[in-house]
Structures are given as C-alpha cells and as structure tokens.
Amino acid sequence: MIESLLAPWHGFVSSLPFEWARYEFMRHAMLAVLFVSPLLGALGTVVVANRMAFFSEAIGHAAFTGIALGVILGLADPLWSMIGFALLLTLAIAWVRRRGGLSSDTAIGLVMAFTVSLGIVILSRGGDFARYTNFLIGDMLAVTGNDVVWLALLALIVFALFFFFFNRLILGTLSPALARSRAAHAGRAELSFACLLAVVVTCALPWIGILVINALLILPAAAGRNLANNTAQFFGWSVAISLVAGLAGLIVSFYTSTATGATIVLAAMAIYLLTLLRRSAS
Amino acid sequence: MDLPLDHAPAHHGVAPHRCGECCTTMRGIGVRYNGKPVLENVDLHLHCGELTAVIGENGAGKTTLVKCLLGEIPHSGEVHFLDAAHRRPDSPVIGYVPQHSSFDKDAPVSVLDLFAVSLVSRPACLGVSRSVREKALNGLRRTGAEDLVDRRVGTLSGGELQRVLLGLALTPVPNILVLDEPMSGVDHSGREQFYELLSKLRREFDLAVLLVSHDLATLARFADRMVFLDHRIVCEGPPAEVLRDTRVREAFSLHSLS
C-alpha cells in the first residue's frame with residue numbers, strides 16, 4: 001500500500017537524468033528532506049524569535065538518555081523512549097524555570113549536562129558506545145518508505161498546531177505583559193510549542209544527527225531574519241532557505257560521500273553568510 | 001527638580017467631559033510576596049474621562065497595582081467594573097501600554113504584524129488580511145502613527161513605538177487605559193507630545209486612564225488626580241495638592257519648591 005502511494009514519486013524522480021535519481025534510498029531521502037526541511041525552517045522562526053536555541057540544543061542532546069532508556073526497556077526502536085524522554089525533559093525545564101528562579105540558560109545547562117552524562121554512562125557500559133555513533137551524525141539514506149509516510153503525517157499535524165499557536169507565540173515574544181493584557185496566555189502557547197519542538201527534533205534526529213540538528217533549526221531562520229521586514233517574509237524566507245539547503249546538501253552529499261545532515265548544515269551556513277552580506281549592504 | 005505648578009492645566013480650564021456613569025473600583029487590594037506585603041489595603045476609583053497618575057518610589061508597588069487591575073496576579077480585595085449602563089462586565093476591555101524598553105526589538109515584526117498577532121488568530125506568517133490592515137490603520141490614525149504601519153518594530157524610536165502601542169491599546173476602544181511608565185527613555189519634547197495626545201484621547205473616548213510614571217513635572221500639568229503609593233496609598237488628590245505634601249516632596253527630593 002505504501003509502495004503504491006509512493007510509486008508516482010519514484011516514477012517521476014527516476015525519469016530525471018541524474019545519477020542519484022536512480023537509487024531508491026536517495027528518492028526516499030529526498031522526500032524526507034521535502035517534509036523535514038520546511039518543518040524545521042518554520043519552527044526555527046519561533047525558536048530564533050523566542051530565543052529558544054539553547055533549549056532545542058538541549059532537547060537534541062537529551063536523545064542520549066532517551067536511547068539509553070530504550071535499551072534498558074528492551075525496545076527494538078528507541079524512538080518512542082526518545083520522544084517520551086524529550087517531552088519529560090521539556091516539562092522539567094519549564095518547571096525548574098518557574099519554581100527555582102534559575103535563569104533559563106542555567107536551568108537548561110544543568111539539565112543538559114545531567115541527561116548527556118547519564119545517557120553516555122548507560123550506553124557506554126561494557127565499552128559498547130560505538131554502536132550508537134550513528135545517532136551523532138545521522139543517516140539520511142536510511143529513510144524507508146514507511147518513515148516517509150509517517151513523516152508526512154507528522155508534518156501535517158505539526159504545521160496545523162504551529163499555525164494555531166503562532167500569533168500568541170509572537171505576541172508573547174514581543175512583550176509578555178502585552179500578551180497577558182490581551183489574554184493571549186503566552187505561557188501555555190510557549191509550553192505547547194516547546195513540546196511540539198521536542199517531538200519534531202527527536203523524530204528528525206536519527207536522520208540528521210544529534211550534533212547538527214540544532215543548526216538546521218537556527219540557520220534558516222537566522223538567515224531569513226536578515227532578509228525580512230515582517231513575519232510573513234520571515235516565515236517564507238526561512239522555509240525556502242531550509243528547503244534549498246536541504247535539497248542541495250542531500251545531492252552534494254551523494255557525490256561527495258559525506259554525512260548528509262552535516263552537508264545540509266554547511267549549505268545552510270553558506271546561505272546564511274550570503275544574507276549577512278546583503279544585510280550589511282542595506 | 002523644577003515643577004511648573006502654576007501653569008494652566010492642560011485642558012485649559014475646560015473640565016473634560018465625563019459621563020460619570022462608568023467607573024472602576026479597587027477595594028482593599030492587598031498583595032504579599034514571600035510573606036512581605038507589597039500592597040496593603042489599597043482603595044482606588046477610576047472614573048471615565050479622568051487621568052489618574054500613580055507615583056511612588058521604585059519598589060513601592062506601582063507595577064503590582066497595575067498587575068492587579070489587569071488580573072495577572074492573585075490579590076486580596078475586590079476589583080469591580082461598572083459600565084455606563086451599570087452592568088458589571090466580567091471582562092472589561094483594558095487597553096494596556098507596556099514599557100517600551102521591555103519590548104523585543106530584534107524580531108522581524110512589522111507594526112501591522114503587531115496588530116495582527118494581537119487582534120486575530122489567523123497566523124500572521126501567512127499574511128495579514130485587508131480588514132486587519134484597516135483596523136490597524138484606524139488605530140494608528142488615532143495617535144498620528146498611520147505612516148508607521150509597514151515599518152519594522154525594531155526600527156522605531158521610543159516615541160514612535162509608544163504611539164504605535166497606544167494606537168494598539170485603543171483597538172478596540174477600551175473601558176480603561178493603563179500605561180506603565182510609558183515614557184521612560186523618551187526625550188522631553190516627545191513626552192510633552194505624548195501626554196498631550198493622551199489628554200486629547202481621554203476626552204475624545206471618555207476613557208478612564210491609569211498612568212504609572214516618574215514624570216512628576218509633566219504629570220502635574222496633565223493628570224486630573226494623583227496618587228502617591230508606598231505599599232499603601234499615602235495621599236491622593238489634585239496634582240498641585242499631592243505635590244505639596246511633605247511626604248511626597250521628601251520621597252522625590254523636591255527641595256527647589258521650599
């Protein structure tokens with residue numbers, strides 16, 4: 001059923017006169033990029049506007065413990081334990097921030113140090129850590145047809161929720177006091193967004209890699225911010241840049257035999273530097 | 001500090017029109033923070049068409065009072081709103097102008113976006129509808145800021161941003177307008193213009209205005225009533241009277257008047 005769903009895509013891409021288009025794993029990877037890139041580009045706008053870059057970094061790194069939990073629980077695929085732990089961590093950070101009176105970066109730093117160490121300690125028992133290095137740099141070419149369908153569904157749900165919360169999130173970013181006076185409940189919207197972000201980052205991790213996923217959230221949005229004068233332009237540029245960097249990085253990585261996630265990040269970085277020129281010119 | 005107490009009041013002797021029907025009553029307001037009282041037994045009436053200025057030293061509870069009025073923090077005592085028909089609307093429309101220094105100026109957000117994210121739920125990142133643009137222009141026209149509608153918020157000067165935020169606070173026209181140190185960091189002529197505008201709007205829309213500020217000299221000319229707060233209300237009345245009170249003069253070091 002999934003194969004018949006994807007058949008038109010495979011038919012179309014294999015008719016292209018490129019070497020990479022002949023391989024099924026590349027066609028799957030490209031579909032995944034077409035879904036994941038806009039998602040990261042869109043969420044990135046709020047991450048950058050709301051100064052949540054360190055939080056998303058911590059969520060990515062928490063995957064170490066998420067994987068470790070999956071191993072302890074004997075799960076075949078640690079994705080569910082990773083998502084569960086990422087959500088738990090999101091709530092924990094929100095709670096520490098509210099109760100402890102710690103500044104946000106200190107709270108996140110503490111939690112990140114703890115989860116990374118705990119994950120590494122558990123996974124390195126018996127000197128077996130090398131098995132998990134795949135998660136560090138990701139493997140975009142391991143995407144299956146099944147993954148692609150799940151990804152499309154996830155993208156649909158996340159975009160719907162993202163649009164639902166967007167105005168409240170931006171108003172809360174601009175002025176929390178103003179948001180409260182408009183009964184916009186920015187706090188609730190922020191926590192919902194943080195949970196959304198945790199799920200997306202965790203799902204994309206195995207393909208893009210713990211070490212570089214955060215760059216894909218931040219670079220397109222940071223580049224978009226250099227070009228935009230309003231939120232519609234900000235959003236449009238961020239999604240477009242993310243998409244272009246994703247496709248370019250994927251294809252380049254095929255010919256250079258390099259890790260796809262990191263190659264995409266370099267493409268995004270190049271675009272960011274270009275926007276910097278444009279910004280200083282204007 | 002030099003206070004122009006003998007100048008004519010800003011409304012030039014003409015009492016502002018007051019319907020006198022709608023009012024906001026705060027009764028017995030108390031707030032404790034970590035066991036320490038921040039506000040104790042504060043009684044305050046805000047009448048429409050009247051500009052009430054709250055003055056006090058840093059940490060005297062001024063912003064806490066504003067938060068009680070906005071319903072942001074738990075407090076003892078009661079806040080009641082009565083509209084002109086003597087109904088008690090549960091959620092009166094409160095227009096709020098925050099301190100502009102608290103405003104994030106980095107985000108690529110236009111003035112129009114600011115109205116869109118405040119007024120409607122359609123995500124501003126998918127574009128802003130024509131009707132929202134009309135509403136924004138209407139609000140901005142009230143404060144002479146319609147030229148700023150497409151400017152990025154971060155590029156506005158303090159005075160411009162304050163006019164935009166005031167225009168937003170008047171969309172829709174509120175029952176009460178609350179301003180928390182709106183003019184900190186704005187130069188003298190900018191302040192004069194802003195308070196003159198505020199004075200005019202108060203009469204035009206018959207607004208009850210609560211203004212928190214350090215700006216004694218200018219407030220003396222524009223406020224109808226002044227309240228000196230130091231965890232409780234120390235004294236209140238016409239500005240000229242309050243500013244002659246020895247406790248106020250001590251707190252603000254108004255030696256030049258003696």
# chains A, B, ... in the order shown; residues from 1 in each chain; ligands from 1
$ interface_residues --of "chain A" --to "chain B" --cutoff "9 Å" --atoms "only C-alpha atoms" --output "ChimeraX atom specification"
/A:48-50,162-171,173-182,184,225-236
$ select_by_dssp --residues "stretch 97-188 of chain A" --states "alpha helix (DSSP H)" --output "compact mmCIF listing (two decimals) with C-alpha atoms, in the first residue's frame"
# COMPACT_ATOMS: atom_id res chain seq x y z
CA ARG A 97 12.42 27.75 35.37
CA ARG A 98 9.17 28.53 37.15
CA ARG A 99 9.98 27.15 40.59
CA GLY A 100 13.71 27.51 41.00
CA SER A 104 16.67 29.93 31.71
CA ASP A 105 20.17 29.21 30.38
CA THR A 106 21.41 27.97 33.75
CA ALA A 107 18.40 25.68 34.15
CA ILE A 108 18.83 24.27 30.65
CA GLY A 109 22.59 23.92 31.08
CA LEU A 110 22.13 21.92 34.27
CA VAL A 111 19.54 19.63 32.77
CA MET A 112 21.57 19.10 29.59
CA ALA A 113 24.75 18.22 31.49
CA PHE A 114 22.80 15.67 33.51
CA THR A 115 21.00 13.98 30.61
CA VAL A 116 24.05 13.80 28.32
CA SER A 117 26.20 12.27 31.05
CA LEU A 118 23.51 9.85 32.17
CA GLY A 119 22.91 8.69 28.59
CA ILE A 120 26.61 8.25 27.85
CA VAL A 121 27.21 6.37 31.11
CA ILE A 122 24.40 3.91 30.39
CA LEU A 123 25.25 3.45 26.70
CA THR A 133 27.61 6.84 16.86
CA ASN A 134 25.07 6.73 14.04
CA PHE A 135 22.87 8.96 16.16
CA LEU A 136 25.64 11.53 16.45
CA ILE A 137 25.90 12.27 12.74
CA GLY A 145 9.06 4.36 2.53
CA ASN A 146 7.29 3.71 5.81
CA ASP A 147 9.21 6.53 7.50
CA VAL A 148 8.24 8.93 4.73
CA VAL A 149 4.52 8.32 5.23
CA TRP A 150 4.79 8.81 8.99
CA LEU A 151 6.82 11.94 8.39
CA ALA A 152 4.16 13.40 6.07
CA LEU A 153 1.54 12.81 8.76
CA LEU A 154 3.73 14.39 11.42
CA ALA A 155 4.40 17.42 9.21
CA LEU A 156 0.67 17.91 8.67
CA ILE A 157 -0.15 17.82 12.40
CA VAL A 158 2.81 19.97 13.43
CA PHE A 159 2.06 22.66 10.83
CA ALA A 160 -1.58 22.81 11.94
CA LEU A 161 -0.61 23.23 15.61
CA PHE A 162 2.18 25.66 14.73
CA PHE A 163 -0.23 27.96 12.87
CA PHE A 164 -2.72 27.65 15.72
CA PHE A 165 -0.21 28.94 18.28
CA PHE A 166 1.81 31.29 16.05
CA ASN A 167 0.21 34.66 16.87
CA ARG A 168 0.25 34.06 20.61
CA LEU A 169 3.87 32.97 20.46
CA ILE A 170 4.99 36.08 18.58
CA LEU A 171 2.99 38.41 20.83
CA GLY A 172 4.48 36.70 23.88
CA THR A 173 7.94 37.17 22.39
CA LEU A 174 7.44 40.86 21.71
CA PRO A 176 4.84 39.15 27.67
CA ALA A 177 2.99 41.88 29.55
CA LEU A 178 1.10 42.97 26.45
CA ALA A 179 0.24 39.34 25.66
CA ARG A 180 -1.22 38.86 29.14
CA SER A 181 -3.29 42.01 28.86
CA ALA A 186 1.61 33.16 26.01
CA GLY A 187 2.90 30.81 28.71
CA ARG A 188 0.63 27.97 27.67
$ residues_around --residues "B:Thr25" --least-positions-apart "2" --cutoff "6 Å" --atoms "only C-alpha atoms" --output "tab-separated table (two decimals) with N, CA and C atoms, in the first residue's frame"
chain	number	residue	atom	x	y	z
B	44	LEU	N	-9.02	52.40	45.30
B	44	LEU	CA	-8.80	53.31	44.18
B	44	LEU	C	-10.04	53.31	43.29
B	45	HIS	N	-10.48	54.53	42.92
B	45	HIS	CA	-11.58	54.65	41.97
B	45	HIS	C	-11.07	55.29	40.70
B	79	VAL	N	-11.89	43.95	42.68
B	79	VAL	CA	-11.86	44.90	41.56
B	79	VAL	C	-13.20	44.79	40.85
B	80	HIS	N	-13.92	45.92	40.75
B	80	HIS	CA	-15.21	45.92	40.06
B	80	HIS	C	-15.20	46.89	38.90
$ select_by_dssp --residues "stretch 53-253 of chain B" --states "strand (DSSP E or B)" --output "PyMOL selection string"
chain B and resi 53-55+76-82+94-97+110+152+176-180+208-212+225-229+233-237
$ atom_distance --atom1 "atom CA of B:Leu201" --atom2 "atom CA of B:Gly237"
22.1 Å
$ closest_residue --among "B:Gly35, B:Gly56, B:Pro174, B:Gly49" --to "B:Arg232" --atoms "only C-alpha atoms"
B:Gly56
$ atom_distance --atom1 "atom CA of B:Arg27" --atom2 "atom CA of B:Arg203"
25.8 Å
